[in-house]
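K.L.:
Dropping a structure here in structure tokens format, bear with me for questions.
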Amino acid sequence: MHDDTNLTVGRATRVLNERVSAAIYSSAVPLSVSAHALAGKPITPEVGLALEFTPFEVDSAWGPAWGTTWFKLTGSVPAEWAGRRVEARVDLGFDTNMTGFQCEALAYRADGTPVKSINPRNQWIPIADAAEGGEPIELYLEAASNPVLLDYHPFLPTQEGDIETSSPKPLYRARRMELAVFEPEVFELSLDLEVLLGLQAELPASEPRRMRILQALDNALDSLDLQRIVETASEARAQLRDVLDSPAEASSHRIAAIGHAHIDSAWLWPLRETIRKVARTASSMTELIDRDPDFLYGMSSAQQYEWIKQHRPEVYARVKDAVEHGRFLPLGGMWVESDTVMPTGESLARQFAYGQRFFEREFGVRSKGVWLPDSFGYSPALPQLMRRAGFEWFFTQKISWNQRNVFPHHSFLWEGIDGSRVFTHFPPMDTYSSELSGAEVAKSSRQFRENRVASRSIAPVGWGDGGGGTTREMTGKARRLANLEGSARVAWQHPDDFFDEARAELTDPAVWVGELYLELHRGTLTSQHATKAGNRRAEQALIEAELWAATAAVREGFAYPYDEIDRLWKLLLLHQFHDILPGTSIAWVHREAAAALAGVVSDAQAIAADARRTLVGEGNRELVFSPSSVAGPVPLGAAPAAASAPAVSLTERDGGFVLANEQVSIVVSREGLITSAIDAATGRDAIPQGMAANLLQLHQDFPNMWDAWDIDRFYRNRVDDLRGVESLSATVTDGVAHVTVERTFSQSSVRQTISLAPGAKTVVLRSEIDWHETEKLLKLAFPLHVHAAHTEAETQFGFHARPTHVNTSWEAAKFETSMHRFVLVREPDFGVALVNDSVYGYDTARDSTDAGVTTTVRLSLLRAPRFPDPETDHGTHVITTGLVIGADPQSATAAGIEMNAPATAVTGAHEVQPVVSVTGDGIVISSVKLADDRSGDVIVRVYESLGRRVSGRLDVGFENGGIREVSLIEDDVDDARTGEDLSLTPFEVRTLRITR
């Protein structure tokens with residue numbers, strides 16, 4: 001008997017790694033290889049298989065960055081291999097530590113049938129389970145030479161992230177292309193050893209179970225002839241049978257495994273490459289489904305399914321068949337796994353609507369839950385939106401990445417700003433790319449925070465991002481872990497079934513209220529401003545296109561452009577993916593995103609313009625179309641009223657200027673800073689005495705890791721106040737007073753115009769910034785003479801209150817937080833809001849002086865990280881912000897909408913009455929459109945914006961067959977409220993269908 005634990009473990013580990021794994025393939029013969037390197041974009045398989053190929057020597061270099069090389073492999077199975085399992089082995093020059101982040105390939109047979117992907121963890125192609133001997137082999141590989149950009153930390157700036165700047169130098173050297181005999185018994189022995197080594201490492205040192213495993217390992221290794229591993233593998237496995245057959249305890253933790261391959265729809269590769277990554281992975285997963293009768297694979301993102309359908313119909317046919325048999329599971333019910341912090345509520349509603357509609361049309365299924373493992377924090381509006389879209393559960397794991405605070409639950413109820421709750425699960429394994437290692441399985445049992453009252457968790461199993469998904473090694477480990485003493489029990493299970501069982505056993509779950517804030521990746525609210533600005537404008541342009549097209553359809557019989565609107569929404573939703581909108585992708589992705597979003601804006605505006613022309617007819621009357629609906633009926637197409645507000649005065653003072661109307665008086669200093677902002681109604685000055693707002697501040701911004709993603713707290717330790725002025729001037733144009741200040745700083749410059757219009761309480765600040773910084777963060781600071789206990793930042797369909805103090809570690813961690821169109825600070829009778837047209841990040845600080853508490857709000861304008869895009873945001877940006885003096889939630893909401901949805905002036909023959917309008921303080925119309933089912937019915941979405949109970953009315957301006965409530969995605973609902981009377985609870989969202 002052996003009693004030296006370390007000796008046994010070391011012996012088993014070396015034998016496994018150096019001898020057993022190496023003997024999984026026993027005999028090999030080289031294949032003949034030829035190749036064709038493409039000069040441009042990828043081509044279809046039909047074209048690829050018909051290329052002319054030239055001889056290629058194994059161990060030769062191939063593949064410049066972003067290139068595609070087609071390889072042709074030919075040969076024949078040796079006659080003496082008859083009856084043996086034969087596979088092709090291909091190593092394109094892989095680094096197994098970088099799975100999913102390097103070269104990949106999809107293998108095809110000679111008839112064009114896709115087989116499976118080739119990647120670092122999946123270097124084999126099935127040839128024959130029992131070869132006949134002598135059969136000819138002809139395979140084709142569509143190999144993508146994607147550059148390795150996510151190298152070992154530190155992440156170094158690289159020009160390889162855009163095809164326009166990448167090097168033509170070959171990146172890879174093909175090491176192996178051969179036929180080989182696969183030895184099943186040796187493969188099974190390797191898994192036996194791996195599972196037992198992983199299990200014993202997690203058991204207590206003196207645990208009898210561990211001792212028996214170690215003894216069994218010694219016995220097995222004593223039975224294994226290292227020079228005759230194939231011949232003695234069965235004998236070695238027999239020595240392990242007892243410890244592998246020993247059943248798990250009845251109280252063992254239960255792990256619901258689901259095959260998974262988290263494929264970012266774009267990140268360190270462009271969209272065009274994701275299309276191929278998805279096809280490769282789906283082909284491998286359908287192949288594994290065919291081989292393993294227990295295996296279940298789940299894939300989210302309707303967009304990715306549509307890509308396969310469009311670009312790889314042969315793969316899609318296999319996917320559809322596997323879905324029909326309940327083995328390939330559409331998950332999540334969203335168009336893509338989007339960011340959920342920055343998109344509007346309408347965008348999230350459309351993520352659900354387009355996702356669920358695709359799954360139902362293509363597969364006859366709906367997702368019951370939202371599967372979103374990797375987004376960068378989760379809006380507190382999301383629980384209501386999920387529930388109103390018909391979802392029952394929510395899954396993520398990203399909050400396990402928190403820098404400071406450990407989240408206290410794994411299975412719980414998440415409550416949103418309106419009080420809606422959704423059952424939520426975080427896997428205690430803390431990963432969405434599990435290998436089912438001993439450490440991961442043990443971690444699930446050990447960390448599960450509901451262990452006293454519940455017994456189960458989820459494990460998403462598989463390599464992501466083109467790493468090929470679940471492997472046969474993982475399914476082999478799952479079989480061994482199904483009922484193994486000392487381990488959690490693992491079983492493949494549909495997430496719907498897991499959530500049903502989890503809810504049944506957790507009868508009184510804990511409740512988490514408010515946002516799921518990720519204490520990491522705070523820079524994603526600011527990086528790649530052009531993408532974010534394009535997103536904001538595209539969202540608004542589509543809402544307006546739907547509004548005016550629906551109005552014209554009802555009033556004038558206008559042909560509502562369903563297909564074009566669908567196309568534009570899908571394009572926008574794709575670019576809200578959680579590595580595009582957050583600004584964390586390579587330069588190529590963001591270059592294309594800016595162009596795509598500009599196209600959405602242009603095409604949506606064209607739809608709106610056509611509809612407006614149809615509505616007003618030909619004529620010379622000056623008319624205004626306003627999409628705003630924050631304060632009751634909207635005068636669509638009404639002629640602009642004559643300006644009745646007194647003109648703005650503009651006077652010089654101490655080298656600066658004073659701008660004043662009957663609402664506010666603003667002092668701009670000789671430094672171009674706002675040193676006073678007096679509300680005429682109360683006499684309150686919003687700016688603390690001796691302080692200055694509209695102050696640009698430049699910080700050093702070099703996080704410890706994840707450059708484009710992170711802002712680390714220590715950035716605050718160094719700051720330069722940008723007070724230098726190149727020029728300061730003032731003018732009054734069309735009754736609006738403007739002060740223009742020009743500054744240069746570091747490598748950049750800014751031209752800012754400070755404007756005050758007649759009757760306005762908002763000072764508008766238009767900043768044109770020519771930005772060429774490196775590792776810097778630009779903030780715009782507003783110290784405010786307001787004692788605010790909270791900031792109130794707009795989120796989807798409402799606002800979210802966050803403390804301005806840092807009493808707890810949870811509050812201290814929120815040193816950079818999110819907003820949509822406004823953030824408000826207020827006392828009971830006075831407040832100040834900051835509104836914007838393209839900003840999402842801000843921070844808050846409190847100070848106490850003799851004059852009282854000061855609340856400083858700083859908007860995050862631009863960043864300059866160097867990875868993954870070394871020239872992030874270089875260029876010119878126009879960012880418009882506004883200071884609303886004497887604000888409350890209603891005026892802040894109105895000012896934010898007005899800045900983002902300005903009125904449009906047209907000429908025409910006649911006015912137009914709105915198709916719908918609302919009464920009731922705080923009730924906002926979010927969208928007006930025609931129903932997705934193309935029935936011609938009108939859909940109106942409203943929400944309560946002030947956080948209080950309110951009653952009101954929806955007035956319909958056309959003959960109709962009644963009003964009834966439907967779901968967020970326009971399904972009929974049980975006990976639907978009907979009629980025009982509205983009664984809304986705080987931040988409630990309601991979707992109403994008006995029958996025509």
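Following the order of the structure tokens, chains are lettered A, B, ..., residues in each are numbered from 1, and ligands are numbered from 1.
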Would you kindly return, as a VMD selection string, each protein, DNA or RNA residue with an atom no farther than 12 Å from any atom of A:Asp290, considering only C-alpha atoms and excluding same-chain residues fewer than 3 positions away?

P.N.:
chain A and resid 115 to 116 283 to 287 293 to 297 318 to 319 321 to 322 325 327 to 328 472

K.L.:
Between stretch 648-719 of chain A and stretch 400-414 of chain A, at 12 Å or less, what are the per-residue closest atom pairs and their distances in Å? Count only C-alpha atoms, order by chain and rising residue number, and return it as CSV.

P.N.:
```
residue,atom,partner,partner_atom,distance
A:Asn704,CA,A:Gln403,CA,11.7
A:Met705,CA,A:Gln403,CA,11.9
A:Asp710,CA,A:Gln403,CA,11.0
A:Ile711,CA,A:Gln403,CA,11.7
A:Asp712,CA,A:Gln403,CA,10.0
A:Arg713,CA,A:Gln403,CA,11.0
```

K.L.:
Go ahead and write the residues just picked, C-alpha atoms, as a short mmCIF file (atom, residue, chain, number, x, y, z; two decimals), in the first residue's frame.

P.N.:
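New file result.cif:
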```cif
data_model
loop_
_atom_site.label_atom_id
_atom_site.label_comp_id
_atom_site.auth_asym_id
_atom_site.auth_seq_id
_atom_site.Cartn_x
_atom_site.Cartn_y
_atom_site.Cartn_z
CA ASN A 704 -4.74 47.74 -13.91
CA MET A 705 -6.32 45.60 -16.61
CA ASP A 710 -12.15 49.60 -16.77
CA ILE A 711 -11.87 52.83 -14.86
CA ASP A 712 -10.07 52.19 -11.59
CA ARG A 713 -10.65 54.39 -8.56
#
```

K.L.:
For A:Thr584, work out the shell of residues within 8 Å, counting only C-alpha atoms and skipping chain neighbours fewer than 5 positions away, then give it as a short mmCIF file (atom, residue, chain, number, x, y, z; two decimals) with N, CA and C atoms, in the first residue's frame.

P.N.:
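Dumped everything to around-v2.cif:
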```
data_model
loop_
_atom_site.label_atom_id
_atom_site.label_comp_id
_atom_site.auth_asym_id
_atom_site.auth_seq_id
_atom_site.Cartn_x
_atom_site.Cartn_y
_atom_site.Cartn_z
N TRP A 267 -16.09 41.29 -31.19
CA TRP A 267 -15.22 41.67 -30.08
C TRP A 267 -13.80 41.88 -30.63
N THR A 524 -16.87 51.16 -19.73
CA THR A 524 -17.71 50.83 -20.88
C THR A 524 -18.84 51.84 -21.07
N SER A 527 -16.19 54.58 -23.30
CA SER A 527 -15.31 54.24 -24.42
C SER A 527 -16.08 54.24 -25.74
N GLN A 528 -15.40 54.66 -26.82
CA GLN A 528 -15.94 54.68 -28.18
C GLN A 528 -17.22 55.54 -28.25
N ASP A 579 -20.33 43.88 -26.47
CA ASP A 579 -18.96 44.32 -26.72
C ASP A 579 -18.89 45.33 -27.85
N ALA A 708 -10.02 49.25 -22.30
CA ALA A 708 -11.25 49.89 -22.77
C ALA A 708 -12.41 49.66 -21.82
N TRP A 709 -12.30 48.66 -20.97
CA TRP A 709 -13.39 48.27 -20.09
C TRP A 709 -13.38 49.03 -18.76
N PRO A 868 -8.69 47.39 -26.87
CA PRO A 868 -8.16 46.74 -28.07
C PRO A 868 -7.99 47.66 -29.27
#
```

K.L.:
Select from stretch 276-335 of chain A everything DSSP, run on the backbone, classes as helix (DSSP H, G or I), then give the selection as a VMD selection string.

P.N.:
chain A and resid 276 to 291 302 to 311 313 to 324

K.L.:
Write out as an mmCIF file with N, CA and C atoms, in the first residue's frame all residues of stretch 508-657 of chain A that DSSP puts in strand (DSSP E or B) for this structure's backbone.

P.N.:
```cif
data_model
loop_
_atom_site.group_PDB
_atom_site.id
_atom_site.type_symbol
_atom_site.label_atom_id
_atom_site.label_comp_id
_atom_site.auth_asym_id
_atom_site.auth_seq_id
_atom_site.Cartn_x
_atom_site.Cartn_y
_atom_site.Cartn_z
ATOM 1 N N VAL A 511 -34.562 38.509 -1.619
ATOM 2 C CA VAL A 511 -34.891 39.524 -2.623
ATOM 3 C C VAL A 511 -33.755 40.533 -2.704
ATOM 4 N N TRP A 512 -33.300 40.793 -3.907
ATOM 5 C CA TRP A 512 -32.321 41.858 -4.151
ATOM 6 C C TRP A 512 -33.053 42.975 -4.883
ATOM 7 N N VAL A 513 -32.974 44.196 -4.359
ATOM 8 C CA VAL A 513 -33.708 45.327 -4.914
ATOM 9 C C VAL A 513 -32.748 46.269 -5.623
ATOM 10 N N LEU A 516 -28.257 45.538 -10.665
ATOM 11 C CA LEU A 516 -27.162 44.601 -10.474
ATOM 12 C C LEU A 516 -25.930 45.281 -11.051
ATOM 13 N N PHE A 577 -24.969 44.893 -28.988
ATOM 14 C CA PHE A 577 -24.302 43.751 -28.368
ATOM 15 C C PHE A 577 -23.318 44.230 -27.299
ATOM 16 N N ARG A 621 -47.256 76.371 -45.949
ATOM 17 C CA ARG A 621 -47.404 76.698 -44.523
ATOM 18 C C ARG A 621 -46.224 76.158 -43.734
ATOM 19 N N GLU A 622 -45.748 76.921 -42.775
ATOM 20 C CA GLU A 622 -44.674 76.464 -41.895
ATOM 21 C C GLU A 622 -45.288 75.628 -40.780
ATOM 22 N N LEU A 623 -44.840 74.395 -40.676
ATOM 23 C CA LEU A 623 -45.413 73.447 -39.721
ATOM 24 C C LEU A 623 -44.299 72.804 -38.918
ATOM 25 N N VAL A 624 -44.632 72.329 -37.733
ATOM 26 C CA VAL A 624 -43.648 71.699 -36.848
ATOM 27 C C VAL A 624 -44.152 70.331 -36.432
ATOM 28 N N PHE A 625 -43.299 69.340 -36.565
ATOM 29 C CA PHE A 625 -43.584 67.999 -36.058
ATOM 30 C C PHE A 625 -42.750 67.785 -34.795
ATOM 31 N N ALA A 638 -48.575 71.407 -36.091
ATOM 32 C CA ALA A 638 -49.120 72.738 -35.845
ATOM 33 C C ALA A 638 -48.092 73.792 -36.215
ATOM 34 N N SER A 649 -31.088 88.668 -22.482
ATOM 35 C CA SER A 649 -30.109 89.754 -22.403
ATOM 36 C C SER A 649 -28.719 89.168 -22.312
ATOM 37 N N LEU A 650 -27.762 89.886 -22.903
ATOM 38 C CA LEU A 650 -26.377 89.437 -22.906
ATOM 39 C C LEU A 650 -25.504 90.654 -22.609
ATOM 40 N N THR A 651 -24.833 90.613 -21.469
ATOM 41 C CA THR A 651 -24.001 91.758 -21.064
ATOM 42 C C THR A 651 -22.625 91.280 -20.643
ATOM 43 N N GLU A 652 -21.640 92.154 -20.763
ATOM 44 C CA GLU A 652 -20.283 91.829 -20.342
ATOM 45 C C GLU A 652 -20.121 92.123 -18.858
ATOM 46 N N ARG A 653 -19.288 91.308 -18.174
ATOM 47 C CA ARG A 653 -18.977 91.557 -16.763
ATOM 48 C C ARG A 653 -17.629 90.948 -16.438
ATOM 49 N N GLY A 656 -16.073 88.508 -18.576
ATOM 50 C CA GLY A 656 -16.962 87.421 -18.963
ATOM 51 C C GLY A 656 -18.297 87.967 -19.409
ATOM 52 N N PHE A 657 -19.360 87.160 -19.239
ATOM 53 C CA PHE A 657 -20.673 87.575 -19.733
ATOM 54 C C PHE A 657 -21.763 87.104 -18.781
#
```

K.L.:
Using only C-alpha atoms, determine which residues lie at most 12 Å from A:Phe958, disregarding the query and same-chain residues fewer than 6 positions distant; provide the list as JSON, numbers by chain.

P.N.:
{"A": [551, 552, 553, 554, 555, 556, 913, 914, 915, 916, 917, 937, 938, 994, 995, 996]}

K.L.:
Go through A:Thr614, A:Thr872, A:Thr985, A:Asn122 and flag the residue nearest A:His529, using only C-alpha atoms for the distances.

P.N.:
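Closest candidate: A:Thr872.
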
K.L.:
Mind checking which residues fall within 9 Å of A:Val942, counting only C-alpha atoms, ignoring those fewer than 3 positions away in the same chain, and posting them as a ChimeraX atom specification?

P.N.:
/A:797,918,923-927,988-992

K.L.:
Take the selection from the previous step and output its residues with C-alpha atoms, as a short mmCIF file (atom, residue, chain, number, x, y, z; two decimals), in the first residue's frame.

P.N.:
```
data_model
loop_
_atom_site.label_atom_id
_atom_site.label_comp_id
_atom_site.auth_asym_id
_atom_site.auth_seq_id
_atom_site.Cartn_x
_atom_site.Cartn_y
_atom_site.Cartn_z
CA PHE A 797 -38.84 53.87 -18.45
CA VAL A 918 -52.16 61.28 -23.14
CA ILE A 923 -47.36 59.70 -18.17
CA VAL A 924 -45.05 59.53 -21.16
CA ILE A 925 -45.71 58.00 -24.56
CA SER A 926 -42.63 55.95 -25.37
CA SER A 927 -43.62 54.75 -28.85
CA GLU A 988 -45.10 51.05 -14.63
CA VAL A 989 -44.86 50.30 -18.35
CA ARG A 990 -48.03 49.46 -20.29
CA THR A 991 -48.38 48.39 -23.90
CA LEU A 992 -51.77 49.13 -25.44
#
```

K.L.:
Can you tell me, as a PyMOL selection string, what residues are no more than 10 Å from A:Pro45 when counting only C-alpha atoms, ignoring any on the same chain fewer than 3 positions away?

P.N.:
chain A and resi 42+48-51+70+106+108+112-114+140-142+311-312

K.L.:
Name the residues in contact with A:Thr682 at a cut-off of 12 Å, using only C-alpha atoms, excluding same-chain residues fewer than 5 positions from it; report them as a CSV table (one decimal) with C-alpha atoms, in the first residue's frame.

P.N.:
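Once written, part37.csv looks like this:
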```csv
chain,number,residue,atom,x,y,z
A,663,GLN,CA,-36.3,82.2,-15.9
A,664,VAL,CA,-32.6,82.2,-15.1
A,665,SER,CA,-29.5,84.3,-14.9
A,677,ALA,CA,-26.8,80.1,-12.3
A,829,ASP,CA,-38.1,72.4,-3.2
A,830,PHE,CA,-35.2,72.9,-5.6
A,831,GLY,CA,-33.2,70.7,-8.0
A,885,ILE,CA,-31.9,75.1,-13.2
A,886,GLY,CA,-34.8,74.6,-10.8
A,887,ALA,CA,-35.5,71.1,-12.0
```

K.L.:
Produce a table with one row for each residue of stretch 826-905 of chain A that has an atom at most 8 Å from any atom of stretch 798-807 of chain A, each row naming the nearest atom pair and its distance in Å at one decimal; use only C-alpha atoms; arrange rows by chain and rising residue number; format as a Markdown table.

P.N.:
```
| residue | atom | partner | partner_atom | distance |
| --- | --- | --- | --- | --- |
| A:Thr844 | CA | A:Thr804 | CA | 6.4 |
| A:Ala845 | CA | A:Thr804 | CA | 6.5 |
| A:Arg846 | CA | A:Thr804 | CA | 6.6 |
| A:Thr855 | CA | A:Thr804 | CA | 7.9 |
```

K.L.:
Nearest residue to A:Ile43 out of A:Pro380, A:Glu273, A:Phe94, A:Ile213, using only C-alpha atoms?

P.N.:
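Looking only at the distances to A:Ile43, the closest residue turns out to be A:Glu273.
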
K.L.:
Using only C-alpha atoms, I'd like a table of the residues in stretch 753-811 of chain A that come within 6 Å of stretch 863-866 of chain A; for each, show the closest atom pair and its distance in Å rounded to one decimal, ordered by chain and ascending number, as CSV.

P.N.:
```
residue,atom,partner,partner_atom,distance
A:Glu773,CA,A:Ala864,CA,5.9
A:Thr774,CA,A:Ala864,CA,5.1
A:Glu775,CA,A:Ala864,CA,4.7
A:Lys776,CA,A:Ala864,CA,5.3
A:Leu777,CA,A:Arg863,CA,4.5
```

K.L.:
Dump N, CA and C atoms for the selected residues as a PDB file, in the first residue's frame?

P.N.:
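Generated file (part-v5.pdb):
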```
ATOM      1  N   GLU A 773      -5.879  62.166 -27.369  1.00  0.00           N
ATOM      2  CA  GLU A 773      -5.168  61.836 -26.136  1.00  0.00           C
ATOM      3  C   GLU A 773      -4.817  60.348 -26.086  1.00  0.00           C
ATOM      4  N   THR A 774      -3.970  60.025 -25.148  1.00  0.00           N
ATOM      5  CA  THR A 774      -3.600  58.640 -24.868  1.00  0.00           C
ATOM      6  C   THR A 774      -3.778  58.392 -23.379  1.00  0.00           C
ATOM      7  N   GLU A 775      -4.584  57.386 -23.057  1.00  0.00           N
ATOM      8  CA  GLU A 775      -4.785  56.963 -21.668  1.00  0.00           C
ATOM      9  C   GLU A 775      -5.200  58.136 -20.776  1.00  0.00           C
ATOM     10  N   LYS A 776      -6.213  58.848 -21.258  1.00  0.00           N
ATOM     11  CA  LYS A 776      -6.775  59.973 -20.523  1.00  0.00           C
ATOM     12  C   LYS A 776      -8.296  59.814 -20.463  1.00  0.00           C
ATOM     13  N   LEU A 777      -8.887  60.484 -19.480  1.00  0.00           N
ATOM     14  CA  LEU A 777     -10.334  60.518 -19.290  1.00  0.00           C
ATOM     15  C   LEU A 777     -10.745  61.970 -19.143  1.00  0.00           C
TER      16      LEU A 777
END
```

K.L.:
What are the closest atom pairs, with distances in Å to one decimal, for all residues of stretch 164-238 of chain A lying within 12 Å of stretch 52-56 of chain A? Consider only C-alpha atoms, order rows by chain and residue number, and present the result as CSV.

P.N.:
```
residue,atom,partner,partner_atom,distance
A:Arg173,CA,A:Phe56,CA,11.3
A:Ala174,CA,A:Phe56,CA,9.7
A:Arg175,CA,A:Phe56,CA,11.8
A:Arg176,CA,A:Phe56,CA,11.9
A:Met177,CA,A:Phe56,CA,10.7
```

K.L.:
Residues as selected, C-alpha atoms, written as a PDB file, in the first residue's frame, can you do that?

P.N.:
```
ATOM      1  CA  ARG A 173       2.738  27.458 -39.039  1.00  0.00           C
ATOM      2  CA  ALA A 174       0.724  24.299 -39.705  1.00  0.00           C
ATOM      3  CA  ARG A 175       2.203  21.489 -37.585  1.00  0.00           C
ATOM      4  CA  ARG A 176       0.091  18.429 -38.366  1.00  0.00           C
ATOM      5  CA  MET A 177      -2.326  17.150 -41.014  1.00  0.00           C
TER       6      MET A 177
END
```

K.L.:
Of the residues A:Leu968, A:Val878, A:Ile417, A:Ala611, which is the one nearest to A:Phe987, using only C-alpha atoms?

P.N.:
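The closest residue to A:Phe987 is A:Ile417.
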
K.L.:
Atom CA of A:Gln796 and atom CA of A:Asp981, how far apart in Å?

P.N.:
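Answer for the atom CA of A:Asp981 to atom CA of A:Gln796 separation: 23.4 Å.
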